[in-house]
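Enquirer: Encoded as structure tokens, here's the structure I'll be asking about.
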Amino acid sequence: LLDLLEHLVSVVREPFLVLGTSRAELPGRSRPLDAVLRLAPLSRQDAEQIVDELAIPAALRDLVVERAEGNPFFLEEFVAMLIDHGYFDSESGLPADFPLPDSIQSVLAARIDLLSSSEKAALQAASVVGRQFGATAVGVLLDGIEPELDALEERDLVRQRAVSSLGAEREYIFKHGLTRDVAYSTLTRARRARLHAAFARWLEREGEGSDEHAALLGHHYAQAAAPEFVALAWPDEPAQREVVRGKAVTWLRRAAELAAARYAIAEALTLLDRALLLEHDDEDKIEILRQKGRAHVLRYDVGGFRDSIEQALALRPARSVAAHLYAQLAYYGIGRPYMWKQPPPRELGEKWLAKALALAEPGTEARGYALLGQALSAPDTGADAAEEAYRLGEALGHPSLVAYACEAQALGATQAGRYEDACGWAARALEATRSLSDPGVIGYQYWNAGFVFLRGGRIAEVRPLAERYDRLASSLSPHEEVHAVALHAVLESVLGNWDALAELTMRAESATVANDDFP
């Protein structure tokens, strides 16, 4: 949500107002807020007004107001607890031994304790499903017993949603997130794990293993496989524990892959970290770390990329895998040093390159990326390496490798002042992107070709590239937005369109602010 709001601020051209509520610790997380209005607890007068409207007996009025301490949710739930206990109409106050809760969690726990066993089981099962849930899912966790959701709705612990996302089935939501948290906390660890696993198995069957619920499946299987839960849930069933753990890792990795594809990088990294904690096998850990490395690169965090790749190398991967890891380090280390806040020493990059070339077999992707690192790091002498990388990409059917090799050739031609040759290579890189689906790689080639064409005097071809890249950048990251504004700005300055350039000022400023905390 915060990313969406920041994106809106960066792309909307007209003045508009963003108004939102948050906890006290949120302001300052990202962009500065123009104004913060801190909401204090209700005054005693306001609390008394609410109590009076609820027609609470005079004998309980002061007690309720004092206990609530200005928290309207506490006040509401405290009154509901009195109703549950049958004391709401009492004119003589509460018994001397009545346990008075001192927090909203205690009030909610007291209310849940008063439920019948079947009602409590339904509420607990619903808390495992999530804040929103349907009767079918809850019934599955109760072994087919009809959940008493109407009774929970009457007690105002859950509410029916006006619009259901479950089609014809009624959908419910916990009245408050704390209600769900407290209900969930009443489950034993073993019971939690078994319920999470049962829900995940049902959801997997219902969705026939599709990607639609990948993140949800990863979450529930991971909750079931958590080290502090899994041994308690299946103490004498090591095979079952391994099945649950394997499912958790599989779905977490798939969910991370899908998140990275839509450039939700923080989400992808969180999912991969969870998978890494659950994985025992070193070979599989290496693959997860490689996946983490790729995710870090998508947000230009080459420091995080290097950490992930070096962790993978420390696990002593097979020769072919090590070759690929060293090739990637060389490609970014010496081939793209401008991506680093603090580039690695040139000598270290050369060592990575030497290891990659020594380990990589002929005709492999690893050798292709090592050659790209070599070509990009020395454009004046790298034509042969770029040419070999280009042929490798063609032979392997690897359009990214082809595009990057064309880019390296364009860079070499530019360095030599052969601008028309550079334009030809940039055009071939654009041709290669037609076989690509990654918007980041495609957009980068639009951006690169824009500058190559400007240097070559092919100015009329730049605006369509800038506009295509702009459309892609808006769906990627704050850093891509900076690149998009930059290409537009350079184009307008080359054309002498000063009014158009001036109009880009606000967008440039908001884009760079959004980029402030970007790696």
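Chain labels follow the order of the structure tokens: the first chain is A, the next B, and so on; residue numbering restarts at 1 in every chain, and ligands are counted from 1 in their shown order.
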Tell me, as a ChimeraX atom specification, which residues lie within 10 Å of A:Pro337, counting only C-alpha atoms; anything in the same chain fewer than 5 positions away does not count.
Expert: /A:302,330-332,342-346,349,376-377
Enquirer: Any chance you could export the current selection's all heavy atoms as an mmCIF file, in the first residue's frame?
Expert:
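So part.cif came out as:
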```cif
data_model
loop_
_atom_site.group_PDB
_atom_site.id
_atom_site.type_symbol
_atom_site.label_atom_id
_atom_site.label_comp_id
_atom_site.auth_asym_id
_atom_site.auth_seq_id
_atom_site.Cartn_x
_atom_site.Cartn_y
_atom_site.Cartn_z
ATOM 1 N N VAL A 302 23.024 -4.532 -5.617
ATOM 2 C CA VAL A 302 24.099 -5.462 -5.956
ATOM 3 C C VAL A 302 24.893 -5.874 -4.723
ATOM 4 O O VAL A 302 25.557 -6.913 -4.730
ATOM 5 C CB VAL A 302 25.030 -4.886 -7.046
ATOM 6 C CG1 VAL A 302 24.420 -5.042 -8.414
ATOM 7 C CG2 VAL A 302 25.353 -3.429 -6.777
ATOM 8 N N ALA A 330 31.312 -11.638 -11.768
ATOM 9 C CA ALA A 330 32.170 -10.893 -12.697
ATOM 10 C C ALA A 330 31.334 -9.944 -13.554
ATOM 11 O O ALA A 330 31.728 -8.792 -13.791
ATOM 12 C CB ALA A 330 32.946 -11.865 -13.582
ATOM 13 N N TYR A 331 30.196 -10.430 -14.027
ATOM 14 C CA TYR A 331 29.334 -9.619 -14.897
ATOM 15 C C TYR A 331 28.925 -8.322 -14.203
ATOM 16 O O TYR A 331 29.007 -7.233 -14.783
ATOM 17 C CB TYR A 331 28.114 -10.446 -15.291
ATOM 18 C CG TYR A 331 27.054 -9.680 -16.052
ATOM 19 C CD1 TYR A 331 27.300 -9.211 -17.331
ATOM 20 C CD2 TYR A 331 25.808 -9.434 -15.485
ATOM 21 C CE1 TYR A 331 26.329 -8.511 -18.040
ATOM 22 C CE2 TYR A 331 24.828 -8.740 -16.179
ATOM 23 C CZ TYR A 331 25.094 -8.273 -17.447
ATOM 24 O OH TYR A 331 24.132 -7.582 -18.137
ATOM 25 N N TYR A 332 28.479 -8.430 -12.941
ATOM 26 C CA TYR A 332 28.062 -7.224 -12.226
ATOM 27 C C TYR A 332 29.250 -6.503 -11.575
ATOM 28 O O TYR A 332 29.238 -5.277 -11.447
ATOM 29 C CB TYR A 332 27.019 -7.570 -11.157
ATOM 30 C CG TYR A 332 25.687 -7.941 -11.758
ATOM 31 C CD1 TYR A 332 25.250 -9.266 -11.777
ATOM 32 C CD2 TYR A 332 24.871 -6.979 -12.335
ATOM 33 C CE1 TYR A 332 24.039 -9.617 -12.354
ATOM 34 C CE2 TYR A 332 23.664 -7.318 -12.912
ATOM 35 C CZ TYR A 332 23.251 -8.632 -12.916
ATOM 36 O OH TYR A 332 22.052 -8.972 -13.500
ATOM 37 N N GLN A 342 29.446 1.183 -3.691
ATOM 38 C CA GLN A 342 30.889 1.005 -3.509
ATOM 39 C C GLN A 342 31.318 -0.207 -4.337
ATOM 40 O O GLN A 342 31.226 -1.344 -3.860
ATOM 41 C CB GLN A 342 31.240 0.790 -2.026
ATOM 42 C CG GLN A 342 31.007 2.041 -1.170
ATOM 43 C CD GLN A 342 31.443 1.808 0.265
ATOM 44 O OE1 GLN A 342 31.198 0.758 0.855
ATOM 45 N NE2 GLN A 342 32.091 2.806 0.835
ATOM 46 N N PRO A 343 31.752 0.011 -5.561
ATOM 47 C CA PRO A 343 32.129 -1.117 -6.423
ATOM 48 C C PRO A 343 33.248 -1.944 -5.786
ATOM 49 O O PRO A 343 34.106 -1.404 -5.087
ATOM 50 C CB PRO A 343 32.615 -0.434 -7.702
ATOM 51 C CG PRO A 343 32.042 0.943 -7.661
ATOM 52 C CD PRO A 343 31.945 1.301 -6.221
ATOM 53 N N PRO A 344 33.253 -3.266 -6.013
ATOM 54 C CA PRO A 344 34.348 -4.094 -5.503
ATOM 55 C C PRO A 344 35.655 -3.702 -6.193
ATOM 56 O O PRO A 344 35.635 -3.191 -7.320
ATOM 57 C CB PRO A 344 33.924 -5.516 -5.880
ATOM 58 C CG PRO A 344 32.965 -5.341 -7.014
ATOM 59 C CD PRO A 344 32.269 -4.048 -6.786
ATOM 60 N N PRO A 345 36.783 -3.922 -5.545
ATOM 61 C CA PRO A 345 38.067 -3.594 -6.183
ATOM 62 C C PRO A 345 38.200 -4.308 -7.525
ATOM 63 O O PRO A 345 37.742 -5.436 -7.703
ATOM 64 C CB PRO A 345 39.104 -4.112 -5.173
ATOM 65 C CG PRO A 345 38.381 -4.179 -3.870
ATOM 66 C CD PRO A 345 36.960 -4.495 -4.198
ATOM 67 N N ARG A 346 38.827 -3.644 -8.467
ATOM 68 C CA ARG A 346 38.996 -4.206 -9.803
ATOM 69 C C ARG A 346 39.699 -5.561 -9.742
ATOM 70 O O ARG A 346 39.348 -6.494 -10.473
ATOM 71 C CB ARG A 346 39.819 -3.230 -10.664
ATOM 72 C CG ARG A 346 40.134 -3.723 -12.080
ATOM 73 C CD ARG A 346 38.958 -3.614 -12.982
ATOM 74 N NE ARG A 346 39.218 -4.204 -14.299
ATOM 75 C CZ ARG A 346 38.489 -3.988 -15.362
ATOM 76 N NH1 ARG A 346 37.433 -3.182 -15.300
ATOM 77 N NH2 ARG A 346 38.773 -4.556 -16.522
ATOM 78 N N GLY A 349 37.253 -8.264 -8.962
ATOM 79 C CA GLY A 349 36.441 -8.558 -10.131
ATOM 80 C C GLY A 349 37.190 -9.401 -11.144
ATOM 81 O O GLY A 349 36.620 -10.315 -11.756
ATOM 82 N N LEU A 376 32.149 -5.781 -21.324
ATOM 83 C CA LEU A 376 31.627 -4.526 -20.790
ATOM 84 C C LEU A 376 32.656 -3.773 -19.961
ATOM 85 O O LEU A 376 32.624 -2.544 -19.881
ATOM 86 C CB LEU A 376 30.379 -4.801 -19.933
ATOM 87 C CG LEU A 376 29.122 -5.249 -20.696
ATOM 88 C CD1 LEU A 376 28.068 -5.760 -19.725
ATOM 89 C CD2 LEU A 376 28.559 -4.101 -21.529
ATOM 90 N N SER A 377 33.576 -4.530 -19.337
ATOM 91 C CA SER A 377 34.581 -3.875 -18.485
ATOM 92 C C SER A 377 35.684 -3.223 -19.293
ATOM 93 O O SER A 377 36.398 -2.344 -18.798
ATOM 94 C CB SER A 377 35.192 -4.891 -17.512
ATOM 95 O OG SER A 377 35.958 -5.864 -18.213
#
```
Enquirer: Considering only C-alpha atoms, return as a VMD selection string whatever protein or nucleic-acid residues lie within 9 Å of A:Tyr404, sequence-local ones (same chain, fewer than 6 positions apart) excluded.
Expert: chain A and resid 372 386 389 to 390 429 445
Enquirer: Just to be explicit: take each residue in the selection above, keep all heavy atoms, and write the result as a PDB file, in the first residue's frame.
Expert:
```pdb
ATOM      1  N   LEU A 372      30.581 -11.520 -21.202  1.00  0.00           N
ATOM      2  CA  LEU A 372      29.924 -10.218 -21.144  1.00  0.00           C
ATOM      3  C   LEU A 372      30.611  -9.306 -20.140  1.00  0.00           C
ATOM      4  O   LEU A 372      30.826  -8.117 -20.404  1.00  0.00           O
ATOM      5  CB  LEU A 372      28.452 -10.381 -20.762  1.00  0.00           C
ATOM      6  CG  LEU A 372      27.480 -10.829 -21.848  1.00  0.00           C
ATOM      7  CD1 LEU A 372      26.085 -10.974 -21.271  1.00  0.00           C
ATOM      8  CD2 LEU A 372      27.477  -9.829 -22.995  1.00  0.00           C
ATOM      9  N   ALA A 386      32.537  -9.970 -26.789  1.00  0.00           N
ATOM     10  CA  ALA A 386      31.122  -9.681 -27.034  1.00  0.00           C
ATOM     11  C   ALA A 386      30.587 -10.512 -28.191  1.00  0.00           C
ATOM     12  O   ALA A 386      29.449 -11.007 -28.154  1.00  0.00           O
ATOM     13  CB  ALA A 386      30.936  -8.187 -27.310  1.00  0.00           C
ATOM     14  N   ALA A 389      30.022 -14.028 -26.988  1.00  0.00           N
ATOM     15  CA  ALA A 389      28.825 -14.058 -26.142  1.00  0.00           C
ATOM     16  C   ALA A 389      27.565 -13.990 -26.997  1.00  0.00           C
ATOM     17  O   ALA A 389      26.567 -14.673 -26.718  1.00  0.00           O
ATOM     18  CB  ALA A 389      28.859 -12.895 -25.153  1.00  0.00           C
ATOM     19  N   TYR A 390      27.614 -13.181 -28.047  1.00  0.00           N
ATOM     20  CA  TYR A 390      26.465 -13.057 -28.956  1.00  0.00           C
ATOM     21  C   TYR A 390      26.171 -14.403 -29.627  1.00  0.00           C
ATOM     22  O   TYR A 390      25.018 -14.852 -29.672  1.00  0.00           O
ATOM     23  CB  TYR A 390      26.760 -11.984 -30.002  1.00  0.00           C
ATOM     24  CG  TYR A 390      25.674 -11.801 -31.020  1.00  0.00           C
ATOM     25  CD1 TYR A 390      24.566 -11.011 -30.745  1.00  0.00           C
ATOM     26  CD2 TYR A 390      25.755 -12.424 -32.266  1.00  0.00           C
ATOM     27  CE1 TYR A 390      23.563 -10.844 -31.685  1.00  0.00           C
ATOM     28  CE2 TYR A 390      24.748 -12.261 -33.213  1.00  0.00           C
ATOM     29  CZ  TYR A 390      23.656 -11.465 -32.911  1.00  0.00           C
ATOM     30  OH  TYR A 390      22.654 -11.309 -33.842  1.00  0.00           O
ATOM     31  N   ALA A 429      19.716  -5.322 -30.392  1.00  0.00           N
ATOM     32  CA  ALA A 429      19.326  -5.612 -29.003  1.00  0.00           C
ATOM     33  C   ALA A 429      17.819  -5.468 -28.838  1.00  0.00           C
ATOM     34  O   ALA A 429      17.167  -6.291 -28.163  1.00  0.00           O
ATOM     35  CB  ALA A 429      20.062  -4.668 -28.038  1.00  0.00           C
ATOM     36  N   GLN A 445      16.784  -2.027 -22.347  1.00  0.00           N
ATOM     37  CA  GLN A 445      17.254  -1.923 -23.728  1.00  0.00           C
ATOM     38  C   GLN A 445      16.605  -0.740 -24.453  1.00  0.00           C
ATOM     39  O   GLN A 445      17.244  -0.106 -25.301  1.00  0.00           O
ATOM     40  CB  GLN A 445      17.013  -3.238 -24.471  1.00  0.00           C
ATOM     41  CG  GLN A 445      17.846  -4.403 -23.957  1.00  0.00           C
ATOM     42  CD  GLN A 445      19.344  -4.093 -23.934  1.00  0.00           C
ATOM     43  OE1 GLN A 445      19.872  -3.416 -24.813  1.00  0.00           O
ATOM     44  NE2 GLN A 445      20.029  -4.608 -22.913  1.00  0.00           N
TER      45      GLN A 445
END
```
Enquirer: Of the candidates A:Leu141, A:Ala162, A:Val18, A:Ala466, which shows the shortest atom-to-atom distance to A:Leu4, using only C-alpha atoms?
Expert: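 For A:Leu4, the nearest of the given residues is A:Val18.
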Enquirer: For A:Gly335, which residue among A:Phe16, A:Phe518, A:Phe305, A:Tyr369 is the nearest when counting only C-alpha atoms?
Expert: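 For A:Gly335, the nearest of the candidates is A:Tyr369.
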Enquirer: Extract, using only C-alpha atoms, all DNA, RNA and protein residues at most 12 Å from A:His176, discarding same-chain residues fewer than 3 positions from it, and format them as a list in words.
Expert: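 These residues fall inside the cut-off: Phe73, Phe74, Glu76, Glu77, Ile104, Gln105, Leu108, Ser127, Gly130, Arg131, Gln132, Asp156, Leu157, Val158, Arg159, Tyr172, Ile173, Thr179, Arg180, Asp181, Val182 and Ala183 of chain A.
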Enquirer: Please report the interatomic distance between atom CA of A:Gly218 and atom CA of A:Ala190 in Å with one decimal.
Expert: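 Taking atom CA of A:Gly218 as the start and atom CA of A:Ala190 as the end point, the length is 18.5 Å.
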Enquirer: My list of candidates is A:Val140, A:Ala68, A:Ala486, A:Ala370. Which is closest to A:Glu206 when distances are computed with only C-alpha atoms?
Expert: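 When distances to A:Glu206 are compared using only C-alpha atoms, the smallest one comes from A:Val140.
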Enquirer: Neighbours of A:Ala484 within 7 Å (only C-alpha atoms; same-chain residues fewer than 5 positions away dropped), as a list in words?
Expert: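 Those residues are Ala466, Tyr469, Asp470 and Ala473 of chain A.
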Enquirer: So, with only C-alpha atoms as the atoms that count, which of A:Arg155, A:Val321, A:Ser185, A:Pro227 lies closest to A:Ile83?
Expert: A:Arg155
Enquirer: Just list the residues in stretch 3-238 of chain A DSSP gives helix (DSSP H, G or I) on the backbone, as a PyMOL selection string.
Expert: chain A and resi 3-11+44-53+58-68+72-85+104-113+117-129+135-141+149-154+177-185+189-206+211-225+227-233+238
Enquirer: Excluding A:Leu472 and residues on its chain fewer than 2 positions from it, collect all residues at most 9 Å away from it, counting only C-alpha atoms, and give them as number ranges by chain.
Expert: A: 439-440, 442-443, 467-470, 474-476, 480
Enquirer: Write out as a PyMOL selection string each polymer residue whose atoms come within 12 Å of A:Ala264, counting only C-alpha atoms; drop sequence neighbours fewer than 2 positions from it.
Expert: chain A and resi 1+3-4+255-262+266-271+295-296+298-299+475-478
Enquirer: Could you turn the residues from that selection into a file that holds N, CA, C and O atoms, as a short mmCIF file (atom, residue, chain, number, x, y, z; two decimals), in the first residue's frame?
Expert:
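Heads up, here's the output in again11.cif:
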```
data_model
loop_
_atom_site.label_atom_id
_atom_site.label_comp_id
_atom_site.auth_asym_id
_atom_site.auth_seq_id
_atom_site.Cartn_x
_atom_site.Cartn_y
_atom_site.Cartn_z
N LEU A 1 0.83 -1.20 0.00
CA LEU A 1 0.00 0.00 0.00
C LEU A 1 0.87 1.26 0.00
O LEU A 1 0.61 2.21 -0.74
N ASP A 3 3.93 1.52 -1.09
CA ASP A 3 4.56 1.63 -2.40
C ASP A 3 3.58 2.23 -3.42
O ASP A 3 3.97 3.05 -4.26
N LEU A 4 2.32 1.81 -3.33
CA LEU A 4 1.31 2.33 -4.25
C LEU A 4 1.14 3.83 -4.05
O LEU A 4 1.09 4.60 -5.01
N ALA A 255 6.03 -18.76 -4.91
CA ALA A 255 5.43 -17.46 -4.61
C ALA A 255 6.45 -16.34 -4.76
O ALA A 255 6.12 -15.25 -5.26
N ALA A 256 7.70 -16.60 -4.37
CA ALA A 256 8.76 -15.60 -4.53
C ALA A 256 9.03 -15.32 -6.00
O ALA A 256 9.24 -14.17 -6.39
N GLU A 257 9.02 -16.37 -6.81
CA GLU A 257 9.24 -16.21 -8.24
C GLU A 257 8.16 -15.34 -8.87
O GLU A 257 8.44 -14.45 -9.68
N LEU A 258 6.91 -15.58 -8.47
CA LEU A 258 5.79 -14.80 -9.00
C LEU A 258 5.86 -13.36 -8.51
O LEU A 258 5.57 -12.42 -9.26
N ALA A 259 6.26 -13.17 -7.25
CA ALA A 259 6.39 -11.81 -6.71
C ALA A 259 7.48 -11.03 -7.43
O ALA A 259 7.30 -9.86 -7.78
N ALA A 260 8.61 -11.68 -7.67
CA ALA A 260 9.71 -11.01 -8.39
C ALA A 260 9.29 -10.65 -9.80
O ALA A 260 9.68 -9.59 -10.32
N ALA A 261 8.49 -11.51 -10.44
CA ALA A 261 8.05 -11.24 -11.82
C ALA A 261 7.19 -9.99 -11.90
O ALA A 261 7.18 -9.31 -12.93
N ARG A 262 6.47 -9.67 -10.82
CA ARG A 262 5.69 -8.43 -10.83
C ARG A 262 6.41 -7.31 -10.06
O ARG A 262 5.82 -6.30 -9.70
N ALA A 266 10.56 -6.82 -2.27
CA ALA A 266 10.63 -7.02 -0.82
C ALA A 266 9.85 -8.27 -0.42
O ALA A 266 10.29 -9.06 0.42
N GLU A 267 8.68 -8.47 -1.03
CA GLU A 267 7.88 -9.66 -0.76
C GLU A 267 8.63 -10.91 -1.17
O GLU A 267 8.66 -11.92 -0.43
N ALA A 268 9.24 -10.88 -2.36
CA ALA A 268 9.99 -12.04 -2.84
C ALA A 268 11.12 -12.41 -1.90
O ALA A 268 11.32 -13.59 -1.58
N LEU A 269 11.86 -11.43 -1.43
CA LEU A 269 12.99 -11.70 -0.53
C LEU A 269 12.52 -12.26 0.81
O LEU A 269 13.17 -13.15 1.38
N THR A 270 11.41 -11.75 1.32
CA THR A 270 10.87 -12.28 2.58
C THR A 270 10.48 -13.74 2.42
O THR A 270 10.77 -14.58 3.29
N LEU A 271 9.83 -14.07 1.32
CA LEU A 271 9.44 -15.45 1.06
C LEU A 271 10.66 -16.36 0.95
O LEU A 271 10.68 -17.48 1.48
N ALA A 295 16.74 -11.66 -7.29
CA ALA A 295 15.76 -10.70 -6.78
C ALA A 295 16.44 -9.39 -6.36
O ALA A 295 15.93 -8.30 -6.62
N HIS A 296 17.59 -9.50 -5.70
CA HIS A 296 18.32 -8.29 -5.29
C HIS A 296 18.69 -7.44 -6.50
O HIS A 296 18.60 -6.21 -6.46
N LEU A 298 17.12 -7.10 -9.26
CA LEU A 298 15.95 -6.42 -9.82
C LEU A 298 15.72 -5.07 -9.17
O LEU A 298 15.12 -4.18 -9.77
N ARG A 299 16.17 -4.91 -7.92
CA ARG A 299 16.04 -3.59 -7.30
C ARG A 299 17.40 -2.90 -7.17
O ARG A 299 17.62 -2.05 -6.31
N SER A 475 5.52 0.43 -13.88
CA SER A 475 5.10 -0.82 -13.22
C SER A 475 6.27 -1.52 -12.52
O SER A 475 6.10 -2.61 -12.00
N LEU A 476 7.44 -0.90 -12.52
CA LEU A 476 8.62 -1.58 -11.98
C LEU A 476 9.03 -0.99 -10.64
O LEU A 476 8.46 -1.31 -9.63
N SER A 477 10.01 -0.10 -10.62
CA SER A 477 10.55 0.38 -9.35
C SER A 477 10.79 1.88 -9.40
O SER A 477 10.82 2.48 -10.47
N PRO A 478 10.98 2.50 -8.23
CA PRO A 478 11.28 3.94 -8.21
C PRO A 478 12.52 4.30 -9.02
O PRO A 478 12.59 5.37 -9.61
#
```
Enquirer: Mind pulling up the distance from atom CA of A:Arg316 to atom CA of A:Ala385?
Expert: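 Result for atom CA of A:Ala385 versus atom CA of A:Arg316: 28.2 Å, one decimal.
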Enquirer: For a quick check of understanding, using only C-alpha atoms, which of A:Pro362, A:Pro379, A:Pro95, A:Gly368 has the smallest distance to A:Ile334?
Expert: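 The answer is A:Pro379, which sits nearest to A:Ile334.
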Enquirer: Env of stretch 425-428 of chain A: 7 Å cut, atoms = only C-alpha atoms, seq-sep filter 4 positions within chain, self excluded. Answer as a PyMOL selection string.
Expert: chain A and resi 406-407+409-410+421+432+449+452
